[in-house]
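Colleague: What follows is protein_0.txt; its format and atoms are compact mmCIF, C-alpha atoms.
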```
# COMPACT_ATOMS: atom_id res chain seq x y z
CA MET A 1 83.27 117.79 108.71
CA ASP A 2 85.72 117.62 105.81
CA LYS A 3 83.54 116.45 102.90
CA ARG A 4 86.58 114.86 101.27
CA TYR A 5 87.08 112.59 104.30
CA PRO A 6 83.75 112.43 106.14
CA ILE A 7 84.91 109.54 108.35
CA GLY A 8 88.50 110.73 108.57
CA MET A 9 91.55 109.08 107.07
CA PHE A 10 92.34 105.41 107.59
CA GLU A 11 94.94 105.12 110.29
CA TYR A 12 96.09 102.09 112.19
CA LYS A 13 99.20 101.70 114.24
CA GLY A 14 100.58 98.60 115.88
CA GLU A 15 99.70 94.97 115.56
CA ILE A 16 96.35 94.09 114.04
CA SER A 17 94.27 91.80 116.22
CA LYS A 18 91.98 89.03 115.06
CA LYS A 19 89.07 91.11 116.43
CA ASP A 20 90.11 94.11 114.28
CA ARG A 21 90.39 91.91 111.22
CA GLU A 22 87.00 90.28 111.86
CA GLN A 23 85.34 93.69 112.22
CA TRP A 24 86.89 94.89 108.97
CA ILE A 25 85.78 91.73 107.17
CA GLU A 26 82.27 92.29 108.50
CA ASP A 27 82.40 95.89 107.20
CA ILE A 28 83.35 94.52 103.76
CA ALA A 29 80.51 91.98 103.99
CA GLN A 30 77.95 94.67 104.91
CA LEU A 31 78.97 97.30 102.36
CA PRO A 32 76.98 96.01 99.35
CA GLY A 33 73.64 96.16 101.17
CA LYS A 34 74.37 99.54 102.74
CA LEU A 35 75.48 100.93 99.38
CA ARG A 36 72.38 99.64 97.58
CA ASN A 37 70.14 101.13 100.30
CA ALA A 38 71.92 104.48 99.96
CA VAL A 39 71.42 104.81 96.21
CA GLU A 40 68.42 102.71 95.19
CA HIS A 41 65.91 105.57 95.40
CA LEU A 42 68.09 108.25 93.82
CA SER A 43 67.01 109.74 90.49
CA ASP A 44 69.34 110.01 87.51
CA ASP A 45 69.71 113.71 88.30
CA GLU A 46 70.77 112.90 91.87
CA LEU A 47 73.17 110.20 90.65
CA ASN A 48 74.77 112.72 88.32
CA GLN A 49 75.36 115.28 91.07
CA PRO A 50 78.78 115.44 92.74
CA TYR A 51 78.83 114.50 96.41
CA ARG A 52 80.81 117.71 97.04
CA GLU A 53 81.98 120.64 94.96
CA GLY A 54 84.76 119.40 92.71
CA GLY A 55 84.08 115.77 93.64
CA TRP A 56 82.89 112.80 91.65
CA THR A 57 79.22 112.22 90.96
CA ILE A 58 77.40 109.59 93.00
CA ARG A 59 77.34 107.47 89.81
CA GLN A 60 81.12 107.74 89.52
CA VAL A 61 81.54 106.82 93.19
CA VAL A 62 79.47 103.64 92.84
CA HIS A 63 81.37 102.53 89.73
CA HIS A 64 84.67 103.49 91.40
CA ILE A 65 83.95 101.21 94.36
CA ALA A 66 83.41 98.32 91.94
CA ASP A 67 86.65 99.12 90.07
CA SER A 68 88.69 99.63 93.22
CA HIS A 69 87.46 96.54 95.03
CA MET A 70 87.96 94.35 91.95
CA ASN A 71 91.57 95.49 91.93
CA ALA A 72 91.82 94.81 95.67
CA PHE A 73 90.49 91.27 95.28
CA ILE A 74 93.06 90.55 92.58
CA ARG A 75 95.82 92.03 94.76
CA PHE A 76 94.81 89.68 97.59
CA LYS A 77 94.87 86.67 95.29
CA LEU A 78 98.29 87.66 93.96
CA ALA A 79 99.69 88.12 97.46
CA LEU A 80 98.31 84.74 98.52
CA THR A 81 99.82 82.89 95.57
CA GLU A 82 103.09 84.74 94.95
CA THR A 83 105.91 85.96 97.14
CA SER A 84 105.42 89.69 97.72
CA PRO A 85 104.30 90.46 94.15
CA THR A 86 104.42 93.93 92.68
CA ILE A 87 100.85 94.86 91.84
CA LYS A 88 99.64 96.88 88.87
CA PRO A 89 98.35 100.30 89.88
CA TYR A 90 95.60 101.98 87.89
CA LYS A 91 94.59 105.58 87.26
CA GLU A 92 91.34 105.71 89.21
CA ALA A 93 90.52 109.30 88.20
CA GLU A 94 90.85 108.37 84.52
CA TRP A 95 88.82 105.18 85.02
CA ALA A 96 86.06 107.32 86.59
CA ASN A 97 85.81 109.28 83.33
CA LEU A 98 85.63 106.34 80.91
CA PRO A 99 82.40 106.00 78.90
CA ASP A 100 81.18 102.94 80.80
CA VAL A 101 80.92 105.00 83.98
CA SER A 102 78.47 107.47 82.48
CA SER A 103 76.51 104.93 80.42
CA THR A 104 76.28 101.81 82.59
CA PRO A 105 73.36 101.72 85.02
CA ILE A 106 74.63 101.68 88.61
CA GLY A 107 72.65 98.49 89.22
CA ILE A 108 75.31 96.64 87.23
CA SER A 109 78.08 97.82 89.56
CA LEU A 110 75.89 97.22 92.64
CA SER A 111 75.39 93.61 91.53
CA LEU A 112 79.09 93.29 90.77
CA ILE A 113 79.98 94.63 94.24
CA GLU A 114 77.54 92.19 95.87
CA ALA A 115 79.00 89.20 94.04
CA LEU A 116 82.59 90.36 94.47
CA HIS A 117 82.21 91.05 98.19
CA THR A 118 80.53 87.68 98.75
CA ARG A 119 83.46 85.96 97.09
CA TRP A 120 86.03 88.18 98.84
CA VAL A 121 84.48 87.57 102.27
CA PHE A 122 84.56 83.80 101.70
CA LEU A 123 88.27 84.17 100.99
CA LEU A 124 88.93 86.50 103.94
CA ARG A 125 87.12 84.21 106.38
CA SER A 126 89.37 81.31 105.37
CA ASP A 127 92.48 80.24 107.22
CA LEU A 128 94.94 82.58 105.52
CA ASP A 129 98.36 84.00 106.23
CA PHE A 130 97.38 87.65 106.65
CA SER A 131 101.02 88.64 107.06
CA ARG A 132 101.61 88.04 103.35
CA THR A 133 102.42 91.16 101.38
CA PHE A 134 102.31 92.88 98.03
CA ILE A 135 104.33 95.83 96.78
CA HIS A 136 102.73 98.97 95.41
CA PRO A 137 105.22 100.30 92.83
CA GLU A 138 104.13 103.95 92.98
CA SER A 139 104.61 104.34 96.73
CA GLU A 140 107.18 101.54 96.91
CA SER A 141 105.31 100.40 100.00
CA VAL A 142 105.08 96.83 101.23
CA ASN A 143 101.44 96.19 102.15
CA ARG A 144 100.39 93.41 104.54
CA LEU A 145 97.07 91.77 103.81
CA ASP A 146 95.74 92.32 107.33
CA TYR A 147 96.35 96.07 107.08
CA THR A 148 94.91 96.10 103.56
CA ILE A 149 91.66 94.54 104.81
CA GLY A 150 91.28 97.53 107.12
CA MET A 151 92.12 99.96 104.37
CA TYR A 152 89.43 98.57 102.05
CA ALA A 153 86.85 98.34 104.85
CA TRP A 154 87.58 102.03 105.43
CA HIS A 155 87.48 102.73 101.68
CA GLY A 156 83.97 101.35 101.29
CA ASN A 157 82.69 103.20 104.36
CA HIS A 158 84.48 106.37 103.23
CA HIS A 159 82.62 106.41 99.91
CA LEU A 160 79.35 105.32 101.52
CA ALA A 161 79.66 108.40 103.76
CA HIS A 162 80.21 110.56 100.67
CA ILE A 163 76.85 109.36 99.36
CA LEU A 164 74.99 109.60 102.67
CA HIS A 165 76.34 113.05 103.61
CA ARG A 166 76.23 114.78 100.23
```
What is this file in C-alpha cells?
Modeller:
Amino acid sequence: MDKRYPIGMFEYKGEISKKDREQWIEDIAQLPGKLRNAVEHLSDDELNQPYREGGWTIRQVVHHIADSHMNAFIRFKLALTETSPTIKPYKEAEWANLPDVSSTPIGISLSLIEALHTRWVFLLRSDLDFSRTFIHPESESVNRLDYTIGMYAWHGNHHLAHILHR
C-alpha cells in the first residue's frame, strides 16, 4: 500500500450517475462521525505524530480537512450562484503550518466539520444543477459539481485512511 494514497487516487471516467452522486453524498455525510471515531481516543503525542514519514501530523490532517472542505463548500455556493466562476485557490501546505493548527484543539475542527458537512449535505441533497461548473485558475480546469462531489468524498476518505492506517 502506498501510504500517500492508501485508497488510491480519485479517478472517474464517463457520465456520473445519480447513484454515484448519492453514494458520494452519503460518504460526505458519514465522514464527520468516522473521523471523530478515528481520533477521539488519541493522545496529544499520537496527534502530533505524522501518519507517514514526511507526512503531516494527524492534528494537521484533521485541521486540513476542515480547511479544505470549507473551501469546497464555498466553491459549490459560488458555482451555484455564478456562471462558471473562477475560484480562489489556497496554499494548503502553508495553511497546515499556521499557528492555529498546532494550538487549536482538534475538537474544534471536528465540530466544524460536523456542522459544515450537515449544511453541505442539505445543499447536496437539494434539487440542484450538478452540471454547473467552476474554474480552478492554477490548473485552468473546468470542474463540474457532480465530479467535485466525488472528489471531496474521496478526499475525506483518503485522509481518514491516513489516520486509520498510520
Colleague: Ranking A:Met1, A:Ile149, A:Leu98, A:Val39 by minimum distance to Ala72 (chain A) and counting only C-alpha atoms, which one comes first?
Modeller: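 Answer, going by the shortest atom-to-atom distance: A:Ile149.
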Colleague: Got a sec: who's within 7 Å of region 114-125 of chain A, counting only C-alpha atoms, leaving out chain neighbours fewer than 4 positions off, as a short mmCIF file (atom, residue, chain, number, x, y, z; two decimals) with C-alpha atoms, in the frame of the given file?
Modeller:
```
data_model
loop_
_atom_site.label_atom_id
_atom_site.label_comp_id
_atom_site.auth_asym_id
_atom_site.auth_seq_id
_atom_site.Cartn_x
_atom_site.Cartn_y
_atom_site.Cartn_z
CA ILE A 25 85.78 91.73 107.17
CA ILE A 28 83.35 94.52 103.76
CA ALA A 29 80.51 91.98 103.99
CA PRO A 32 76.98 96.01 99.35
CA PHE A 73 90.49 91.27 95.28
CA LEU A 110 75.89 97.22 92.64
#
```
Colleague: Env of region 137-146 of chain A: 9 Å cut, atoms = all atoms listed in the file, seq-sep filter 6 positions within chain, self excluded. Answer as a PyMOL selection string.
Modeller: chain A and resi 16+21+76+79-80+84+86-89+129-131
Colleague: Point out the residue among A:Glu82, A:Glu53, A:Asp127, A:Asp27 with the least atom-to-atom distance to Trp154 (chain A), counting all atoms listed in the file.
Modeller: A:Asp27
Colleague: Might you pull out every residue within 9 Å of Pro50 (chain A), with all atoms listed in the file counted and same-chain residues fewer than 6 positions away left off, and present them as a list in words?
Modeller: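 Near Pro50 (chain A), the qualifying residues are Trp56, Thr57, Ile58, Arg59, Gln60 and Arg166 of chain A.
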Colleague: What's around Asp100 (chain A) at 12 Å? Count only C-alpha atoms, leave out sequence neighbours fewer than 2 positions away in its own chain, and write the answer as an MDAnalysis selection string.
Modeller: chainID A and resid 59:60 63:64 67 94:98 102:106 108:109
Colleague: Any idea what the distance is between CA of Leu31 (chain A) and CA of Gly107 (chain A)?
Modeller: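 Distance between the two atoms: 14.6 Å.
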Colleague: What does the structure give for the distance between CA of Ala38 (chain A) and CA of Ile163 (chain A), in Å to one decimal?
Modeller: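 Distance between the two atoms: 7.0 Å.
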Colleague: Mind pulling up the distance from CA of His69 (chain A) to CA of Ile113 (chain A)?
Modeller: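 CA of Ile113 (chain A) sits 7.8 Å away from CA of His69 (chain A).
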Colleague: Which is closer to Thr83 (chain A) than all the others in A:Tyr152, A:Tyr51, A:Tyr12, A:Phe134, using all atoms listed in the file?
Modeller: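 When distances to Thr83 (chain A) are compared using all atoms listed in the file, the smallest one comes from A:Phe134.
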Colleague: Find the residues around Ala161 (chain A) up to 10 Å (all atoms listed in the file counted), leave out those fewer than 3 positions away in its own chain, and share them as a list of chain:residue names.
Modeller: A:Lys3, A:Arg4, A:Tyr5, A:Pro6, A:Ile7, A:Leu35, A:Ala38, A:Tyr51, A:His155, A:Gly156, A:Asn157, A:His158, A:Leu164, A:His165, A:Arg166
Colleague: Give the answer as one residue: which of A:Ala153, A:Asp2, A:Ser68, A:Glu46 has the shortest atom-to-atom distance to Gln23 (chain A), using only C-alpha atoms?
Modeller: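 When distances to Gln23 (chain A) are compared using only C-alpha atoms, the smallest one comes from A:Ala153.
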Colleague: Which is closest to Leu112 (chain A) among A:Pro85, A:Met70, A:His136, A:Gly55, if we use all atoms listed in the file?
Modeller: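 Ranked by minimum distance to Leu112 (chain A), first place goes to A:Met70.
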Colleague: Counting only C-alpha atoms, which residue out of A:Tyr147, A:Arg52, A:Asp20, A:Glu92 sits closest to Asn71 (chain A)?
Modeller: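 Looking at the shortest contact to Asn71 (chain A), the residue is A:Glu92.
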